[in-house]
Structure formats: structure tokens, C-alpha cells
file protein_4.txt (compact mmCIF, C-alpha atoms)
# COMPACT_ATOMS: atom_id res chain seq x y z
CA MET A 1 0.00 0.00 0.00
CA ASN A 2 1.51 3.31 -1.07
CA LEU A 3 1.29 6.67 0.69
CA GLU A 4 -1.52 7.90 -1.58
CA ASN A 5 -3.72 4.91 -0.73
CA ILE A 6 -3.03 5.35 2.98
CA THR A 7 -3.98 9.02 2.82
CA ASP A 8 -7.20 8.22 0.97
CA ARG A 9 -8.05 5.62 3.57
CA LEU A 10 -7.45 8.06 6.40
CA LYS A 11 -9.64 10.67 4.72
CA ASP A 12 -12.48 8.15 4.46
CA ASN A 13 -12.13 7.01 8.07
CA LEU A 14 -11.91 10.53 9.50
CA ASN A 15 -14.52 11.98 7.11
CA MET A 16 -12.33 14.95 6.25
CA SER A 17 -15.11 16.84 4.45
CA SER A 18 -17.20 16.71 7.60
CA LEU A 19 -14.20 17.79 9.63
CA ARG A 20 -13.67 20.81 7.37
CA GLU A 21 -17.32 21.76 7.76
CA ASN A 22 -17.04 21.50 11.54
CA ILE A 23 -13.87 23.57 11.59
CA GLY A 24 -15.49 26.20 9.41
CA SER A 25 -18.51 26.37 11.70
CA ILE A 26 -16.41 26.90 14.83
CA GLN A 27 -14.16 29.59 13.44
CA SER A 28 -16.58 32.20 14.70
CA GLU A 29 -17.01 30.57 18.10
CA LYS A 30 -15.91 32.35 21.28
CA PRO A 31 -12.41 31.28 22.45
CA ASN A 32 -12.56 28.81 25.33
CA VAL A 33 -8.83 28.08 25.83
CA ASP A 34 -6.67 30.32 28.01
CA LEU A 35 -3.36 31.82 26.89
CA THR A 36 -1.15 29.26 28.62
CA GLU A 37 -2.99 26.32 27.03
CA ARG A 38 -2.87 27.98 23.63
CA ILE A 39 0.89 28.37 23.80
CA LEU A 40 1.33 24.74 24.90
CA SER A 41 -1.02 23.58 22.13
CA VAL A 42 1.00 25.37 19.44
CA MET A 43 4.27 24.02 20.85
CA GLY A 44 2.86 20.49 20.97
CA GLY A 45 1.42 20.83 17.47
CA VAL A 46 4.71 22.04 16.00
CA PHE A 47 6.55 19.17 17.66
CA LEU A 48 4.10 16.55 16.35
CA THR A 49 4.18 18.05 12.87
CA TYR A 50 7.99 18.00 12.83
CA LYS A 51 8.00 14.44 14.17
CA SER A 52 5.50 13.33 11.50
CA LEU A 53 7.85 14.46 8.72
CA LYS A 54 10.55 12.15 10.05
CA THR A 55 8.09 9.28 10.55
CA LEU A 56 6.34 9.43 7.17
CA LYS A 57 9.10 7.67 5.25
CA ASN A 58 9.26 4.51 7.36
CA HIS A 59 5.78 4.55 8.93
CA PRO A 60 3.42 6.49 6.64
CA PHE A 61 0.23 5.59 8.50
CA ILE A 62 1.59 6.78 11.87
CA GLY A 63 3.19 9.82 10.26
CA VAL A 64 -0.08 11.02 8.74
CA GLN A 65 -1.87 10.53 12.06
CA GLU A 66 0.78 12.63 13.83
CA ALA A 67 0.51 15.32 11.16
CA ILE A 68 -3.27 15.54 11.57
CA ALA A 69 -2.97 15.66 15.37
CA GLY A 70 -0.26 18.30 15.13
CA GLY A 71 -2.38 20.41 12.80
CA LEU A 72 -5.37 20.25 15.12
CA LEU A 73 -3.24 21.28 18.09
CA ILE A 74 -1.82 24.22 16.14
CA TYR A 75 -5.34 25.21 15.12
CA ARG A 76 -6.47 24.96 18.78
CA GLY A 77 -3.64 27.20 19.89
CA ALA A 78 -3.98 29.70 17.06
CA THR A 79 -7.76 30.17 17.38
CA GLY A 80 -8.15 29.58 21.11
CA PHE A 81 -11.13 27.32 20.44
CA CYS A 82 -11.32 23.69 21.60
CA PRO A 83 -14.21 21.57 20.22
CA VAL A 84 -13.86 19.14 23.13
CA TYR A 85 -14.25 21.94 25.69
CA ASN A 86 -17.21 23.19 23.68
CA ALA A 87 -18.88 19.76 23.74
CA LEU A 88 -18.35 19.57 27.51
CA ASP A 89 -19.59 23.15 27.97
CA GLN A 90 -16.28 24.03 29.59
CA ASP A 91 -14.67 27.46 29.36
CA GLY A 92 -10.93 27.37 29.99
CA THR A 93 -10.75 31.17 29.91
CA ASP A 94 -13.07 31.47 32.90
CA PRO A 95 -11.02 31.01 36.09
CA ALA A 96 -12.54 28.73 38.66
CA ALA A 97 -14.28 30.40 41.60
CA VAL A 98 -14.18 29.58 45.28
CA ASN A 99 -17.72 28.97 46.56
CA ILE A 100 -18.38 28.25 50.23
CA THR A 101 -21.80 27.50 51.75
CA GLU A 102 -22.17 26.46 55.39
CA THR A 103 -25.15 26.19 57.74
CA PHE A 104 -24.71 25.87 61.51
CA ILE A 105 -26.20 26.91 64.85
CA VAL A 106 -24.50 29.14 67.42
CA ASP A 107 -25.53 29.55 71.02
CA ARG A 108 -26.18 33.29 70.88
CA PRO A 109 -29.33 35.40 70.33
CA ARG A 110 -30.12 36.26 66.70
CA GLU A 111 -30.00 40.04 67.26
CA GLU A 112 -26.56 39.78 68.85
CA VAL A 113 -25.18 37.54 66.08
CA TYR A 114 -26.54 39.80 63.36
CA LYS A 115 -25.08 42.90 64.99
CA PHE A 116 -21.64 41.28 65.12
CA TRP A 117 -21.72 40.29 61.42
CA ARG A 118 -23.18 43.61 60.33
CA ARG A 119 -20.02 45.32 61.55
CA LEU A 120 -17.81 43.93 58.78
CA GLU A 121 -14.65 45.05 60.57
CA ASN A 122 -15.29 42.13 62.92
CA LEU A 123 -14.81 39.49 60.22
CA PRO A 124 -10.98 39.28 60.50
CA ARG A 125 -11.44 38.41 64.19
CA PHE A 126 -12.34 34.86 63.17
CA MET A 127 -11.55 34.81 59.43
CA LYS A 128 -7.79 34.40 59.23
CA HIS A 129 -7.80 34.67 55.42
CA LEU A 130 -8.73 38.34 55.86
CA ALA A 131 -6.03 40.77 56.95
CA SER A 132 -8.48 43.61 57.51
CA VAL A 133 -11.83 45.14 56.59
CA ASP A 134 -12.12 48.91 56.89
CA GLU A 135 -15.61 50.39 56.78
CA TYR A 136 -15.94 53.89 55.32
CA ASP A 137 -19.65 54.18 56.04
CA ARG A 138 -22.70 51.95 56.43
CA LYS A 139 -22.44 50.76 52.83
CA ASN A 140 -18.81 50.90 51.62
CA SER A 141 -15.71 49.08 52.85
CA HIS A 142 -12.17 48.11 51.85
CA TRP A 143 -10.99 44.49 52.18
CA ARG A 144 -7.49 42.98 52.31
CA ALA A 145 -6.75 39.26 52.08
CA ASN A 146 -4.00 37.20 53.66
CA LEU A 147 -2.18 34.87 51.25
CA PRO A 148 0.51 32.34 52.22
CA GLY A 149 3.95 33.90 51.80
CA GLU A 150 2.41 37.24 50.72
CA ILE A 151 3.00 36.19 47.08
CA LEU A 152 0.36 38.62 45.94
CA LYS A 153 -1.49 41.28 47.90
CA LEU A 154 -5.20 41.10 47.19
CA ASN A 155 -7.45 44.01 48.11
CA TRP A 156 -10.77 45.29 46.87
CA ASN A 157 -13.64 47.64 47.68
CA ALA A 158 -17.04 46.24 48.53
CA GLU A 159 -20.52 47.51 49.23
CA ILE A 160 -23.56 46.29 51.11
CA THR A 161 -26.10 45.19 48.51
CA ARG A 162 -28.98 44.30 50.79
CA GLU A 163 -29.74 44.16 54.48
CA ASP A 164 -32.72 43.20 56.57
CA GLU A 165 -31.97 43.86 60.23
CA ASN A 166 -31.54 40.68 62.27
CA ASN A 167 -32.41 38.54 59.21
CA TYR A 168 -30.11 39.09 56.25
CA ILE A 169 -26.96 40.86 55.13
CA GLY A 170 -25.38 40.72 51.64
CA TRP A 171 -22.32 42.37 50.10
CA GLN A 172 -20.22 42.28 46.94
CA SER A 173 -17.07 43.85 45.54
CA VAL A 174 -17.51 46.92 43.38
CA GLU A 175 -17.04 46.79 39.61
CA GLY A 176 -13.44 46.69 38.44
CA SER A 177 -12.07 45.09 41.61
CA MET A 178 -8.94 42.92 41.49
CA VAL A 179 -11.01 40.07 42.92
CA GLU A 180 -14.77 39.69 42.77
CA ASN A 181 -15.99 38.85 46.25
CA ALA A 182 -19.61 38.31 47.22
CA GLY A 183 -21.23 37.05 50.36
CA LYS A 184 -24.50 36.78 52.20
CA VAL A 185 -25.61 35.58 55.60
CA THR A 186 -29.12 34.69 56.70
CA PHE A 187 -30.12 34.57 60.38
CA HIS A 188 -32.96 32.51 61.87
CA ASP A 189 -33.95 31.53 65.37
CA ALA A 190 -32.91 27.94 65.96
CA ILE A 191 -35.75 25.43 65.84
CA ASN A 192 -35.21 24.43 69.45
CA GLY A 193 -35.65 28.05 70.46
CA SER A 194 -32.07 28.36 71.71
CA GLY A 195 -29.48 30.19 69.64
CA THR A 196 -29.27 31.27 66.01
CA GLU A 197 -29.08 29.29 62.78
CA LEU A 198 -26.83 30.89 60.17
CA THR A 199 -26.40 30.09 56.51
CA VAL A 200 -23.21 31.67 55.16
CA ASP A 201 -22.43 31.93 51.44
CA ILE A 202 -19.06 33.39 50.37
CA SER A 203 -17.65 33.43 46.83
CA TYR A 204 -14.40 34.63 45.27
CA PHE A 205 -14.18 35.09 41.51
CA PRO A 206 -10.76 35.98 40.05
CA PRO A 207 -10.70 38.31 37.03
CA ALA A 208 -10.59 36.95 33.49
CA GLY A 209 -7.36 36.54 31.51
CA SER A 210 -3.91 35.26 32.37
CA LEU A 211 -3.77 37.31 35.59
CA GLY A 212 -7.06 35.75 36.62
CA GLN A 213 -5.71 32.26 35.99
CA GLY A 214 -2.75 33.00 38.26
CA ILE A 215 -5.00 34.40 40.99
CA ALA A 216 -7.34 31.42 40.60
CA ARG A 217 -4.48 29.06 41.40
CA LEU A 218 -3.81 31.08 44.55
CA LEU A 219 -7.47 31.15 45.56
CA ASN A 220 -8.12 27.47 45.03
CA GLY A 221 -6.72 24.66 47.12
CA VAL A 222 -5.19 26.06 50.29
CA PHE A 223 -7.13 29.32 50.14
CA GLU A 224 -10.49 27.60 49.64
CA LYS A 225 -9.80 25.34 52.61
CA ALA A 226 -8.85 28.37 54.73
CA VAL A 227 -12.07 30.22 53.85
CA ARG A 228 -14.21 27.19 54.72
CA GLU A 229 -12.41 26.75 58.04
CA ASP A 230 -12.82 30.45 58.78
CA VAL A 231 -16.58 30.30 58.23
CA THR A 232 -17.06 27.32 60.53
CA ASN A 233 -14.64 28.89 63.03
CA PHE A 234 -17.26 31.55 63.74
CA LYS A 235 -19.14 29.14 66.01
CA HIS A 236 -16.02 28.47 68.09
CA TYR A 237 -15.24 32.18 68.24
CA ILE A 238 -18.62 33.55 69.30
CA GLU A 239 -19.21 30.76 71.84
CA GLY A 240 -15.64 30.92 73.20
CA GLU A 241 -13.61 32.98 75.64
CA GLU A 242 -12.22 35.32 72.98
CA TYR A 243 -15.68 36.69 72.20
CA LYS A 244 -16.20 37.60 75.84
CA THR A 245 -13.40 40.15 75.53
CA TYR A 246 -15.00 41.70 72.43
CA GLU A 247 -16.10 45.27 73.07
CA HIS A 248 -19.67 45.80 71.92
CA LYS A 249 -19.06 49.40 71.01
CA PRO A 250 -20.72 51.02 67.97
CA ALA A 251 -18.79 51.48 64.74
CA LEU A 252 -17.22 54.83 63.88
CA TRP A 253 -19.79 55.49 61.15
CA ASP A 254 -22.54 55.16 63.79
CA HIS A 255 -21.06 58.13 65.63
CA VAL A 256 -20.79 60.09 62.38
CA GLU A 257 -24.44 59.44 61.56
CA ASP A 258 -25.45 60.51 65.07
CA VAL A 259 -23.61 63.81 64.62
CA VAL A 260 -25.16 64.33 61.19
CA ASN A 261 -28.63 63.61 62.56
CA THR A 262 -28.23 66.25 65.26
CA PHE A 263 -27.94 68.91 62.56
CA LYS A 264 -30.99 67.81 60.63
call {"tool": "encode", "arguments": {"input": "protein_4.txt", "output": "C-alpha cells"}}
result
Amino acid sequence: MNLENITDRLKDNLNMSSLRENIGSIQSEKPNVDLTERILSVMGGVFLTYKSLKTLKNHPFIGVQEAIAGGLLIYRGATGFCPVYNALDQDGTDPAAVNITETFIVDRPREEVYKFWRRLENLPRFMKHLASVDEYDRKNSHWRANLPGEILKLNWNAEITREDENNYIGWQSVEGSMVENAGKVTFHDAINGSGTELTVDISYFPPAGSLGQGIARLLNGVFEKAVREDVTNFKHYIEGEEYKTYEHKPALWDHVEDVVNTFK
């Protein structure tokens, strides 16, 4: 069997006309492969293509297969579109988020628990992944995160999006932040009539692009575990000795509002 016959056979088996139609139809598709993968795909494709040229003479069938695979990898890297990712509805350009949801009961009255959470500056008291939260007023705040080794300093501005006193508080980072952070906490009286049931939802979404991929790697794994531990640590904190030393004094912006109200 000569090389021409082998090529014809491969075309029949792979249905090359159908493949060309599929490639043409995906040329306008949105890229779903990030920059790092695209570079690796091109490098791998070039290597396979070069290898196929050396293989064709002694092993034509294998050589043609390598050439086709190399071409597809180069196409994947050049266009940023992967048909396999598309079939799996996977977007490699969208960095993975950290999503934490926990429900638990603490042995404290609902009003007291809500008041503690509503003062966002209290969060670093039990959330070790947060270096600080500075509140500018009742709605706006500035957050700083702790990362192992201080590889990258993450900080962002956030705002209260919704609050229902003693029942619900929600916040999110403002548009254009280095990291998209969102959270909400719901407060209910425990069924047994003693304590408060909390449901805490916290999410971190790194920005898109290569920077986002790097931040995503920092946020996932160790960071995700730390956030989850911090959330569940609230029960130990508010029921423990450390909470007893907490000063239940009003926030600075409460004093400011009181002064403003006196002049109304």
C-alpha cells in the first residue's frame, strides 16, 4: 500500500469533508482556551508536525496521524477554540471560583449575632484569610486578604447590597475590583428556640485573563480550605472565651451618623 492509498483511507475514516465543515462552523465561536494552554497547544502541534515528517518515510500511517494531530493542536492554539471543551460546555478562559456554603447553629441570640456580622470590621477576628476590613460608612468598605507567603497582595472595595436587620446581610465587591468577592448571611432563630441558625455563602471570583488564571491558582486549594475553616470557626469564636473580651461598642460610622442627625 503506497502513501496515496493510505492518505485516501485516512480521509475516508476521518470523514475529512465533515471535519472541514465542523472547523469552518467553529471559526466564529468564542475562544474557550486560556493563553497558557494555547501556547502549549501550538508548541505540541509544531513538535508533532515535525515528528511526523521524520516518521512518514518509514511509517506512513503513523506519520499522517501525527501530522493531523499536530495540525489540530496548532489550530487549537492559534484560534483559542477547543471543540472538546465546547462539547463539555467548559470554558478554559473562565477562572474557577471559590464557593463556600455552610449552615450551623450558634448559642447566641439572633439580634446579637446579626449585629456582630453587620459590623464587617469584625470578620478578620475569626476569618484568618482576611487581613483587615475597613468600613468607610454603612455601605462601603475596603478588604485585604491574607495569602501564604504574601506572594500577591489582594485588596478590593465592597458595598452592602442588601440588608434586613436581624435577618439578612449581603455584600459584593464593586465593579473593576482585582477580585470579585460576594457574600450573604441569613439569620434565623434555631428550631429548638435556643441560639441562632446561620447560613453563610461566600464566593471569590478571580478576574478573566492570564492574571485571573494565576489568581485562581492562589485562591483554590489552600485558600479555599482556609475560607471554609474560617466560616465554621465563627461558632467556636462567638461561643468561646475570645468573644467575651470583644467590646460591643458602635462602629465609627454610627457616631458620624449621630452627629449628622443632630444637625438635621
call {"tool": "atom_distance", "arguments": {"input": "protein_4.txt", "atom1": "atom CA of A:Arg144", "atom2": "atom CA of A:Tyr237"}}
result
20.7 Å
call {"tool": "residues_around", "arguments": {"input": "protein_4.txt", "residues": "stretch 69-78 of chain A", "least_positions_apart": "2", "cutoff": "6 Å", "atoms": "all atoms listed in the file", "output": "PyMOL selection string"}}
result
chain A and resi 38+41-42+45+48-49+66-67+80-82
call {"tool": "atom_distance", "arguments": {"input": "protein_4.txt", "atom1": "atom CA of A:Phe187", "atom2": "atom CA of A:Val174"}}
result
24.5 Å
call {"tool": "residues_around", "arguments": {"input": "protein_4.txt", "residues": "A:Ile238", "least_positions_apart": "2", "cutoff": "9 Å", "atoms": "only C-alpha atoms", "output": "VMD selection string"}}
result
chain A and resid 106 to 108 113 126 233 to 236 240 to 244
call {"tool": "write_last_selection", "arguments": {"input": "protein_4.txt", "atoms": "C-alpha atoms", "output": "CSV table (one decimal), in the coordinates of the input"}}
result
chain,number,residue,atom,x,y,z
A,106,VAL,CA,-24.5,29.1,67.4
A,107,ASP,CA,-25.5,29.6,71.0
A,108,ARG,CA,-26.2,33.3,70.9
A,113,VAL,CA,-25.2,37.5,66.1
A,126,PHE,CA,-12.3,34.9,63.2
A,233,ASN,CA,-14.6,28.9,63.0
A,234,PHE,CA,-17.3,31.6,63.7
A,235,LYS,CA,-19.1,29.1,66.0
A,236,HIS,CA,-16.0,28.5,68.1
A,240,GLY,CA,-15.6,30.9,73.2
A,241,GLU,CA,-13.6,33.0,75.6
A,242,GLU,CA,-12.2,35.3,73.0
A,243,TYR,CA,-15.7,36.7,72.2
A,244,LYS,CA,-16.2,37.6,75.8
call {"tool": "residues_around", "arguments": {"input": "protein_4.txt", "residues": "A:Ser52", "least_positions_apart": "5", "cutoff": "10 Å", "atoms": "all atoms listed in the file", "output": "MDAnalysis selection string"}}
result
chainID A and resid 46:47 57 59:70
call {"tool": "atom_distance", "arguments": {"input": "protein_4.txt", "atom1": "atom CA of A:Ala158", "atom2": "atom CA of A:Gly195"}}
result
29.3 Å
call {"tool": "closest_residue", "arguments": {"input": "protein_4.txt", "among": "A:Met178, A:Ile105, A:Ile100, A:Ile160", "to": "A:Val227", "atoms": "all atoms listed in the file"}}
result
A:Ile100
call {"tool": "closest_residue", "arguments": {"input": "protein_4.txt", "among": "A:Asp164, A:Glu197, A:Glu102, A:Glu135", "to": "A:Val231", "atoms": "only C-alpha atoms"}}
result
A:Glu102
call {"tool": "closest_residue", "arguments": {"input": "protein_4.txt", "among": "A:Trp156, A:Trp143, A:Phe116, A:Trp171", "to": "A:His129", "atoms": "only C-alpha atoms"}}
result
A:Trp143
call {"tool": "closest_residue", "arguments": {"input": "protein_4.txt", "among": "A:Ile202, A:Ile191, A:Ala131, A:Ala226", "to": "A:Ser173", "atoms": "only C-alpha atoms"}}
result
A:Ile202
call {"tool": "residues_near_point", "arguments": {"input": "protein_4.txt", "point": "(-13.5, 48.4, 61.2)", "cutoff": "7 Å", "atoms": "all atoms listed in the file", "output": "mmCIF file with C-alpha atoms, keeping the file's coordinate frame"}}
result
data_model
loop_
_atom_site.group_PDB
_atom_site.id
_atom_site.type_symbol
_atom_site.label_atom_id
_atom_site.label_comp_id
_atom_site.auth_asym_id
_atom_site.auth_seq_id
_atom_site.Cartn_x
_atom_site.Cartn_y
_atom_site.Cartn_z
ATOM 1 C CA LEU A 120 -17.810 43.930 58.780
ATOM 2 C CA GLU A 121 -14.650 45.050 60.570
ATOM 3 C CA ASN A 122 -15.290 42.130 62.920
ATOM 4 C CA VAL A 133 -11.830 45.140 56.590
ATOM 5 C CA ASP A 134 -12.120 48.910 56.890
ATOM 6 C CA GLU A 135 -15.610 50.390 56.780
#
call {"tool": "closest_residue", "arguments": {"input": "protein_4.txt", "among": "A:Ser132, A:Thr79, A:Thr232, A:Thr103", "to": "A:Val185", "atoms": "only C-alpha atoms"}}
result
A:Thr103
call {"tool": "closest_residue", "arguments": {"input": "protein_4.txt", "among": "A:Thr101, A:Thr161, A:Asn140, A:Thr196", "to": "A:Asp230", "atoms": "all atoms listed in the file"}}
result
A:Thr101
